[in-house]
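Shown next: entry03.txt, containing compact mmCIF, C-alpha atoms.
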```
# COMPACT_ATOMS: atom_id res chain seq x y z
CA MET A 154 4.36 27.76 96.27
CA PRO A 155 4.48 24.02 97.17
CA GLU A 156 5.88 21.53 94.65
CA GLN A 157 3.34 19.33 92.88
CA VAL A 158 3.97 15.55 93.20
CA PRO A 159 3.58 13.90 89.84
CA GLY A 160 0.65 11.52 89.65
CA PRO A 161 0.37 8.24 87.81
CA THR A 162 -0.61 9.94 84.64
CA ASP A 163 2.45 12.11 84.79
CA GLN A 164 5.08 9.28 84.69
CA PRO A 165 7.83 9.67 82.12
CA GLN A 166 7.29 8.16 78.71
CA GLY A 167 10.38 5.85 79.22
CA TRP A 168 8.61 3.84 81.90
CA ARG A 169 5.64 3.27 79.59
CA ALA A 170 7.98 1.94 76.92
CA LEU A 171 9.57 -0.49 79.38
CA MET A 172 6.21 -1.79 80.61
CA ARG A 173 4.87 -2.37 77.06
CA PRO A 174 5.79 -5.95 75.81
CA THR A 175 7.63 -6.03 72.52
CA LEU A 176 7.02 -8.44 69.64
CA SER A 177 10.27 -10.36 70.31
CA GLN A 178 9.31 -10.79 73.97
CA GLY A 179 5.96 -12.20 72.93
CA ILE A 180 7.58 -14.71 70.57
CA VAL A 181 10.00 -15.87 73.29
CA ALA A 182 7.12 -16.37 75.73
CA LEU A 183 5.19 -18.36 73.13
CA LEU A 184 8.17 -20.64 72.48
CA ILE A 185 8.73 -21.22 76.22
CA GLY A 186 5.12 -22.19 76.60
CA ALA A 187 5.25 -24.61 73.68
CA LEU A 188 8.41 -26.22 75.05
CA GLY A 189 6.84 -26.71 78.47
CA PHE A 190 3.76 -28.32 76.90
CA ALA A 191 5.93 -30.72 74.88
CA ILE A 192 7.90 -31.75 77.99
CA THR A 193 4.66 -32.40 79.88
CA VAL A 194 3.30 -34.61 77.09
CA GLN A 195 6.59 -36.50 76.89
CA VAL A 196 6.61 -37.19 80.61
CA ARG A 197 3.03 -38.44 80.53
CA ASP A 198 3.48 -40.61 77.44
CA ASP A 199 7.10 -41.82 77.40
CA GLY A 200 6.25 -45.40 76.48
CA THR A 201 7.88 -46.82 79.62
CA GLU A 202 6.41 -50.18 80.59
CA ASP A 203 5.66 -50.98 84.21
CA TYR A 204 7.42 -54.17 85.34
CA SER A 205 6.39 -53.89 88.99
CA GLY A 206 3.98 -56.79 88.66
CA VAL A 207 6.39 -59.16 86.85
CA ARG A 208 7.84 -62.04 88.86
CA GLY A 209 11.57 -62.32 89.46
CA GLU A 210 11.95 -65.44 87.32
CA GLU A 211 10.27 -63.70 84.40
CA LEU A 212 12.56 -60.69 84.81
CA VAL A 213 15.60 -62.97 84.74
CA GLU A 214 14.39 -64.62 81.52
CA LEU A 215 13.67 -61.20 80.03
CA LEU A 216 17.18 -59.99 80.86
CA LYS A 217 18.66 -63.15 79.34
CA SER A 218 16.73 -62.62 76.11
CA LEU A 219 17.89 -59.02 75.99
CA ASP A 220 21.50 -60.13 76.52
CA SER A 221 21.17 -62.70 73.73
CA ALA A 222 19.71 -60.09 71.41
CA ASN A 223 22.56 -57.70 72.23
CA GLU A 224 25.13 -60.44 71.53
CA ARG A 225 23.49 -61.22 68.16
CA LEU A 226 23.47 -57.54 67.27
CA GLY A 227 27.11 -57.19 68.32
CA THR A 228 28.08 -60.18 66.18
CA GLN A 229 26.18 -58.79 63.20
CA ILE A 230 27.88 -55.41 63.65
CA GLN A 231 31.29 -57.09 63.75
CA ASP A 232 30.51 -59.14 60.64
CA LEU A 233 29.26 -56.09 58.75
CA THR A 234 32.29 -54.07 59.85
CA ALA A 235 34.64 -56.83 58.69
CA THR A 236 32.80 -57.04 55.36
CA ARG A 237 32.99 -53.29 54.91
CA ASN A 238 36.71 -53.23 55.73
CA GLY A 239 37.32 -56.10 53.33
CA LEU A 240 35.49 -54.28 50.55
CA LEU A 241 37.47 -51.12 51.25
CA ASP A 242 40.76 -53.05 51.17
CA SER A 243 39.74 -54.82 47.97
CA THR A 244 38.79 -51.53 46.35
CA GLN A 245 42.07 -49.93 47.39
CA ARG A 246 44.04 -52.91 46.07
CA SER A 247 42.15 -52.79 42.79
CA GLU A 248 42.77 -49.06 42.44
CA GLU A 249 46.48 -49.51 43.21
CA ALA A 250 46.75 -52.41 40.75
CA GLU A 251 44.99 -50.35 38.08
CA LYS A 252 47.31 -47.41 38.78
CA GLN A 253 50.42 -49.59 38.51
CA ALA A 254 49.15 -51.24 35.32
CA LYS A 255 48.48 -47.85 33.74
CA LEU A 256 51.93 -46.61 34.75
CA ARG A 257 53.57 -49.73 33.33
CA ALA A 258 51.64 -49.38 30.08
CA GLU A 259 52.83 -45.77 29.73
CA GLU A 260 56.45 -46.84 30.34
CA LEU A 261 56.23 -49.60 27.76
CA ALA A 262 54.64 -47.19 25.27
CA ILE A 263 57.63 -44.87 25.63
CA LEU A 264 60.11 -47.71 25.15
CA ALA A 265 58.15 -48.97 22.13
CA GLY A 266 58.04 -45.49 20.64
CA THR A 267 54.23 -45.41 20.48
CA ALA A 268 53.95 -42.45 22.87
CA GLY A 269 55.70 -39.13 23.17
CA ALA A 270 58.16 -38.47 25.97
CA THR A 271 59.68 -35.58 27.84
CA GLY A 272 62.47 -35.26 30.39
CA PRO A 273 66.09 -34.21 30.89
CA GLY A 274 68.66 -35.25 28.30
CA ILE A 275 70.97 -34.05 25.57
CA GLU A 276 71.03 -32.73 22.03
CA LEU A 277 73.85 -34.08 19.88
CA VAL A 278 74.61 -32.32 16.58
CA ILE A 279 76.83 -34.09 14.04
CA ASN A 280 78.14 -32.07 11.11
CA ASP A 281 79.25 -34.13 8.12
CA PRO A 282 80.24 -31.73 5.29
CA ASP A 283 82.18 -34.41 3.37
CA LYS A 284 79.40 -37.02 3.74
CA ARG A 285 81.73 -39.51 5.39
CA ILE A 286 79.38 -40.49 8.23
CA ASP A 287 77.59 -43.63 7.10
CA ALA A 288 74.73 -45.66 8.58
CA PRO A 289 76.96 -47.92 10.75
CA ALA A 290 78.69 -44.86 12.24
CA LEU A 291 75.34 -43.27 13.08
CA LEU A 292 74.11 -46.55 14.56
CA ASP A 293 77.25 -46.68 16.74
CA ALA A 294 76.38 -43.24 18.11
CA ILE A 295 72.87 -44.45 18.95
CA GLU A 296 74.20 -47.58 20.66
CA GLU A 297 76.55 -45.53 22.82
CA LEU A 298 73.64 -43.39 23.95
CA ARG A 299 71.57 -46.51 24.69
CA ASP A 300 74.42 -48.00 26.71
CA ALA A 301 74.59 -44.76 28.70
CA GLY A 302 70.91 -45.07 29.65
CA ALA A 303 68.99 -43.22 26.94
CA GLU A 304 65.29 -44.05 27.31
CA ALA A 305 63.95 -42.28 24.21
CA ILE A 306 65.83 -41.19 21.08
CA VAL A 307 64.84 -39.27 17.97
CA ILE A 308 66.90 -38.14 14.97
CA ASN A 309 66.16 -34.82 13.27
CA GLY A 310 62.85 -34.73 15.15
CA VAL A 311 61.19 -37.23 12.79
CA ALA A 312 62.85 -40.64 13.15
CA ARG A 313 62.01 -42.28 16.50
CA VAL A 314 64.61 -44.93 17.28
CA VAL A 315 63.43 -48.15 18.96
CA ALA A 316 64.65 -51.74 19.07
CA GLN A 317 63.29 -52.55 15.60
CA THR A 318 64.62 -49.41 13.89
CA TYR A 319 67.06 -50.12 11.07
CA PHE A 320 69.83 -47.91 9.62
CA LEU A 321 70.55 -48.10 5.90
CA ASP A 322 72.88 -46.29 3.49
CA ASP A 323 70.89 -45.05 0.50
CA GLU A 324 73.16 -43.41 -2.07
CA ASN A 325 74.36 -40.22 -0.35
CA GLN A 326 71.78 -40.28 2.44
CA ILE A 327 70.97 -42.45 5.44
CA ARG A 328 67.58 -44.01 6.01
CA VAL A 329 66.46 -44.57 9.59
CA GLY A 330 63.39 -46.74 9.87
CA GLY A 331 62.40 -45.90 6.31
CA ARG A 332 62.84 -42.15 6.75
CA GLU A 333 65.50 -40.24 4.87
CA ILE A 334 67.68 -38.28 7.29
CA LYS A 335 69.40 -35.18 5.97
CA ARG A 336 72.64 -33.67 7.23
CA PRO A 337 73.48 -32.33 9.75
CA TYR A 338 72.25 -35.03 12.11
CA ARG A 339 70.55 -33.81 15.26
CA ILE A 340 70.05 -36.54 17.83
CA GLU A 341 67.91 -35.88 20.90
CA ALA A 342 67.99 -38.36 23.78
CA ILE A 343 66.16 -38.45 27.11
CA GLY A 344 68.03 -39.73 30.15
CA ASP A 345 70.63 -38.62 32.66
CA SER A 346 72.14 -35.66 30.83
CA GLY A 347 75.53 -36.01 32.53
CA ASP A 348 75.89 -39.71 31.67
CA LEU A 349 74.72 -39.21 28.09
CA ALA A 350 77.08 -36.29 27.50
CA GLU A 351 80.03 -38.20 28.96
CA ALA A 352 79.24 -41.16 26.69
CA VAL A 353 80.12 -39.08 23.61
CA ARG A 354 82.83 -36.83 25.11
CA PHE A 355 85.32 -39.38 26.45
CA ARG A 356 88.63 -39.75 24.70
CA GLY A 357 88.30 -41.99 21.67
CA GLY A 358 84.51 -41.73 21.78
CA LEU A 359 81.98 -40.46 19.29
CA ILE A 360 83.26 -36.89 19.05
CA ASP A 361 86.79 -38.10 18.28
CA ARG A 362 85.55 -40.62 15.73
CA VAL A 363 83.51 -37.98 13.92
CA ALA A 364 86.56 -35.70 13.88
CA ASN A 365 88.60 -38.53 12.32
CA ARG A 366 86.10 -38.44 9.43
CA ASP A 367 86.55 -34.70 8.94
CA GLY A 368 83.31 -33.93 10.71
CA SER A 369 82.44 -32.29 14.01
CA ALA A 370 80.09 -33.12 16.86
CA PHE A 371 78.72 -30.97 19.67
CA VAL A 372 76.69 -32.09 22.66
CA TYR A 373 74.40 -29.88 24.75
CA GLU A 374 72.96 -30.89 28.09
CA LYS A 375 69.33 -29.88 28.56
CA ASP A 376 66.94 -29.79 31.48
CA LYS A 377 64.04 -30.69 29.22
CA VAL A 378 63.89 -32.59 25.97
CA THR A 379 60.53 -33.20 24.32
CA ILE A 380 60.08 -35.98 21.77
CA THR A 381 56.82 -36.12 19.84
CA ALA A 382 57.76 -38.33 16.88
CA LEU A 383 56.40 -41.88 17.05
CA ALA A 384 57.90 -45.07 15.74
CA ASP A 385 56.27 -46.97 12.90
CA VAL A 386 54.18 -49.78 14.38
CA THR A 387 54.67 -53.09 12.58
CA THR A 388 52.70 -56.28 13.15
CA PRO A 389 54.91 -59.27 13.94
CA GLU A 390 54.85 -61.83 11.14
CA TYR A 391 56.10 -64.82 13.11
CA ALA A 392 56.18 -63.95 16.80
CA ARG A 393 53.10 -64.67 18.89
CA PRO A 394 52.40 -64.18 22.61
CA SER A 395 53.35 -67.25 24.63
CA SER A 396 50.59 -68.79 26.71
```
How would this structure read if it were set down as structure tokens?
Amino acid sequence: MPEQVPGPTDQPQGWRALMRPTLSQGIVALLIGALGFAITVQVRDDGTEDYSGVRGEELVELLKSLDSANERLGTQIQDLTATRNGLLDSTQRSEEAEKQAKLRAEELAILAGTAGATGPGIELVINDPDKRIDAPALLDAIEELRDAGAEAIVINGVARVVAQTYFLDDENQIRVGGREIKRPYRIEAIGDSGDLAEAVRFRGGLIDRVANRDGSAFVYEKDKVTITALADVTTPEYARPSS
């Protein structure tokens, strides 16, 4: 029996699917058409002026005017760029000056005792069971720490020591800046811990002098000392800022 040749109506379903346009293909075709129309309109109406009928002298004058306009625009751009750069430099200088002023104010606040401080330093403990350590002896200990570079000092965590702090013997106790300091004395100082410790350990120094008064002193180097006590702020009675 002879084989039957498939007719057009007997083509596989896959071919029909390939010949049928999909939605995405239709969208692509629509976009291509729109793009071609836009290019055509642009070519027809590009705003280009026809200078074929202008004389040579007029073209020369036109080119000169364009060159002058370009020079003016270039000069204006340079001026604006210089102004912008100047403003940026001025702003940066102002920010740097403000930063330095703030940093200096913080440093002065620490030295004046009106702000807390933290940093490396030492803890010095002075035991005085016979009450033979008086105010001058305690002040000597503070001065030795200052000479060694102490930047912030507090006694017993409550008496912040600054330039105006006074030391006074009051019966069997010592007053530091108006605060009564009880024994044992615990002095915390911020600075180079090695230098501060050496300032009280050397032969004939603070530790030896305390021992000569039947007391004992121990110094501990610390990576971090935190001082929160503030000095009493007093208003100068006679001193005024110089102009």
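Selecting by distance to (75.3, -42.8, 20.2) with a limit of 9 Å and using all atoms listed in the file, one obtains Leu277, Ala290, Leu291, Leu292, Asp293, Ala294, Ile295, Glu296, Glu297, Leu298, Arg299, Asp300, Ala301, Ile340, Leu349, Ala352, Val353 and Leu359 of chain A.
Going from atom CA of A:Ile308 over to atom CA of A:Leu256, you cover 26.2 Å.
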Could you jot down the atom CA of A:Asn280 to atom CA of A:Arg366 separation for me, Å, one decimal place?
-> 10.3 Å
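Note that the spacing between atom CA of A:Ala370 and atom CA of A:Arg339 amounts to 9.7 Å.
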Within 10 Å of A:Lys335 using only C-alpha atoms, minus same-chain residues under 4 positions, as a list in words =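 Returned residues: Ile308, Asn309, Asn325, Gln326, Ile327, Arg328 and Arg339 of chain A.
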Can you work out which one of A:Ala254, A:Ala305, A:Glu224, A:Tyr373 has the shortest atom-to-atom distance to A:Thr267, counting all atoms listed in the file?
-> A:Ala305
May I ask you to restore N, CA and C atoms in stretch 349-372 of chain A and write the result as a PDB file, in the coordinates of the input?
```pdb
ATOM      1  N   LEU A 349      74.814 -39.194  29.558  1.00  0.00           N
ATOM      2  CA  LEU A 349      74.720 -39.210  28.090  1.00  0.00           C
ATOM      3  C   LEU A 349      75.807 -38.343  27.468  1.00  0.00           C
ATOM      4  N   ALA A 350      76.049 -37.178  28.044  1.00  0.00           N
ATOM      5  CA  ALA A 350      77.080 -36.290  27.500  1.00  0.00           C
ATOM      6  C   ALA A 350      78.463 -36.924  27.629  1.00  0.00           C
ATOM      7  N   GLU A 351      78.732 -37.564  28.750  1.00  0.00           N
ATOM      8  CA  GLU A 351      80.030 -38.200  28.960  1.00  0.00           C
ATOM      9  C   GLU A 351      80.236 -39.368  27.994  1.00  0.00           C
ATOM     10  N   ALA A 352      79.130 -40.019  27.595  1.00  0.00           N
ATOM     11  CA  ALA A 352      79.240 -41.160  26.690  1.00  0.00           C
ATOM     12  C   ALA A 352      79.776 -40.767  25.319  1.00  0.00           C
ATOM     13  N   VAL A 353      79.615 -39.509  24.922  1.00  0.00           N
ATOM     14  CA  VAL A 353      80.120 -39.080  23.610  1.00  0.00           C
ATOM     15  C   VAL A 353      81.351 -38.191  23.720  1.00  0.00           C
ATOM     16  N   ARG A 354      81.705 -37.752  24.942  1.00  0.00           N
ATOM     17  CA  ARG A 354      82.830 -36.830  25.110  1.00  0.00           C
ATOM     18  C   ARG A 354      84.145 -37.538  25.444  1.00  0.00           C
ATOM     19  N   PHE A 355      84.085 -38.753  25.963  1.00  0.00           N
ATOM     20  CA  PHE A 355      85.320 -39.380  26.450  1.00  0.00           C
ATOM     21  C   PHE A 355      86.312 -39.572  25.306  1.00  0.00           C
ATOM     22  N   ARG A 356      87.562 -39.622  25.690  1.00  0.00           N
ATOM     23  CA  ARG A 356      88.630 -39.750  24.700  1.00  0.00           C
ATOM     24  C   ARG A 356      88.447 -41.028  23.874  1.00  0.00           C
ATOM     25  N   GLY A 357      88.493 -40.858  22.570  1.00  0.00           N
ATOM     26  CA  GLY A 357      88.300 -41.990  21.670  1.00  0.00           C
ATOM     27  C   GLY A 357      86.842 -42.310  21.409  1.00  0.00           C
ATOM     28  N   GLY A 358      85.935 -41.492  21.942  1.00  0.00           N
ATOM     29  CA  GLY A 358      84.510 -41.730  21.780  1.00  0.00           C
ATOM     30  C   GLY A 358      83.956 -41.136  20.490  1.00  0.00           C
ATOM     31  N   LEU A 359      82.680 -40.887  20.495  1.00  0.00           N
ATOM     32  CA  LEU A 359      81.980 -40.460  19.290  1.00  0.00           C
ATOM     33  C   LEU A 359      82.555 -39.165  18.716  1.00  0.00           C
ATOM     34  N   ILE A 360      82.763 -38.173  19.550  1.00  0.00           N
ATOM     35  CA  ILE A 360      83.260 -36.890  19.050  1.00  0.00           C
ATOM     36  C   ILE A 360      84.597 -37.068  18.346  1.00  0.00           C
ATOM     37  N   ASP A 361      85.494 -37.861  18.922  1.00  0.00           N
ATOM     38  CA  ASP A 361      86.790 -38.100  18.280  1.00  0.00           C
ATOM     39  C   ASP A 361      86.637 -38.883  16.984  1.00  0.00           C
ATOM     40  N   ARG A 362      85.737 -39.826  16.950  1.00  0.00           N
ATOM     41  CA  ARG A 362      85.550 -40.620  15.730  1.00  0.00           C
ATOM     42  C   ARG A 362      84.959 -39.768  14.608  1.00  0.00           C
ATOM     43  N   VAL A 363      84.065 -38.887  14.940  1.00  0.00           N
ATOM     44  CA  VAL A 363      83.510 -37.980  13.920  1.00  0.00           C
ATOM     45  C   VAL A 363      84.611 -37.055  13.406  1.00  0.00           C
ATOM     46  N   ALA A 364      85.459 -36.575  14.310  1.00  0.00           N
ATOM     47  CA  ALA A 364      86.560 -35.700  13.880  1.00  0.00           C
ATOM     48  C   ALA A 364      87.528 -36.442  12.957  1.00  0.00           C
ATOM     49  N   ASN A 365      87.726 -37.737  13.192  1.00  0.00           N
ATOM     50  CA  ASN A 365      88.600 -38.530  12.320  1.00  0.00           C
ATOM     51  C   ASN A 365      88.035 -38.660  10.907  1.00  0.00           C
ATOM     52  N   ARG A 366      86.721 -38.386  10.751  1.00  0.00           N
ATOM     53  CA  ARG A 366      86.100 -38.440   9.430  1.00  0.00           C
ATOM     54  C   ARG A 366      85.862 -37.018   8.903  1.00  0.00           C
ATOM     55  N   ASP A 367      86.628 -36.093   9.380  1.00  0.00           N
ATOM     56  CA  ASP A 367      86.550 -34.700   8.940  1.00  0.00           C
ATOM     57  C   ASP A 367      85.202 -34.053   9.250  1.00  0.00           C
ATOM     58  N   GLY A 368      84.563 -34.545  10.272  1.00  0.00           N
ATOM     59  CA  GLY A 368      83.310 -33.930  10.710  1.00  0.00           C
ATOM     60  C   GLY A 368      83.489 -33.308  12.089  1.00  0.00           C
ATOM     61  N   SER A 369      82.413 -32.880  12.672  1.00  0.00           N
ATOM     62  CA  SER A 369      82.440 -32.290  14.010  1.00  0.00           C
ATOM     63  C   SER A 369      81.153 -32.651  14.741  1.00  0.00           C
ATOM     64  N   ALA A 370      81.254 -32.773  16.038  1.00  0.00           N
ATOM     65  CA  ALA A 370      80.090 -33.120  16.860  1.00  0.00           C
ATOM     66  C   ALA A 370      80.077 -32.248  18.104  1.00  0.00           C
ATOM     67  N   PHE A 371      78.892 -31.809  18.485  1.00  0.00           N
ATOM     68  CA  PHE A 371      78.720 -30.970  19.670  1.00  0.00           C
ATOM     69  C   PHE A 371      77.560 -31.521  20.487  1.00  0.00           C
ATOM     70  N   VAL A 372      77.738 -31.573  21.785  1.00  0.00           N
ATOM     71  CA  VAL A 372      76.690 -32.090  22.660  1.00  0.00           C
ATOM     72  C   VAL A 372      76.278 -30.995  23.633  1.00  0.00           C
TER      73      VAL A 372
END
```
